[in-house]
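Reading through the structure tokens given below for one structure.
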Amino acid sequence: VQLQASGGGLVQPGGSLRLSCQASGIIWSTFRMAVMGWYRQAPGKQRELVASITSDGLTNHADSVKGRFTISRDNAKRTAYLQMNSLKPEDTAVYYCNLKARSEYWGQGTQVTVSS
């Protein structure tokens with residue numbers, strides 16, 4: 001299983017980005033049942049959970065991003081998304097996607113930098 005994350009970049013405070021995480025090497029029925037998550041790691045800090053979504057579409061967002069970020073998934077495309085609005089400098093980090101099925105897999109990370 002491989003996870004390809006994309007969509008990161010440099011954005012000004014208050015701006016928006018949409019991250020995508022496409023899974024390959026996994027059959028549709030397994031992806032559909034997997035829990036997808038987005039994590040982030042800022043320099044000098046531990047990796048933290050940003051948001052997750054279950055197979056039933058139940059979502060969980062960290063308090064620091066509630067009301068600004070939204071996780072979603074498209075099972076037909078084997079893709080998870082993270083819509084990030086009202087970005088703040090403290091959102092600057094490398095964002096990683098994660099898939100939990102029988103095993104756990106990580107994407108390569110995509111850099112998000114929020115700066116004026």
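We label chains A, B, ... in the order they appear in the structure tokens, count residues from 1 in each chain, and number ligands from 1 in the order shown.
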
Do a neighbour search on Ser6 (chain A) at 8 Å with only C-alpha atoms, toss out local chain neighbours closer than 3 positions, and write the hits as a VMD selection string. chain A and resid 19 to 21 110

Which residues are near Val65 (chain A)? Cut-off 12 Å, only C-alpha atoms, ignore same chain within fewer than 3 positions. Put them as a ChimeraX atom specification. /A:38-40,48-51,60-62,68-71,82-88,90-91

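CA of Thr92 (chain A) to CA of Arg73 (chain A) spans 22.9 Å [interatomic distance, one decimal].
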
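Considering only C-alpha atoms, the residue among A:Ser72, A:Gln22, A:Gln12, A:Gln46 positioned nearest to Trp106 (chain A) is A:Gln22.
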
Do a neighbour search on Gln111 (chain A) at 7 Å with only C-alpha atoms, toss out local chain neighbours closer than 3 positions, and write the hits as a list in words. Gly8, Gly9, Ala93, Val94 and Tyr95 of chain A

Could you tell me how far CA of Ala42 (chain A) sits from CA of Val112 (chain A), in Å to one decimal place? 9.7 Å

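If only C-alpha atoms are the atoms counted, then among A:Val11, A:Ala76, A:Ala5, A:Leu17 the closest residue to Thr30 (chain A) is A:Ala76.
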
Counting only C-alpha atoms, which of A:Arg102, A:Leu3, A:Leu10, A:Asp74 gets nearest to Ser116 (chain A)? A:Leu10

Taking only C-alpha atoms into account, which of A:Gln108, A:Asn75, A:Ser103, A:Asn98 comes nearest Ser55 (chain A)? A:Asn75
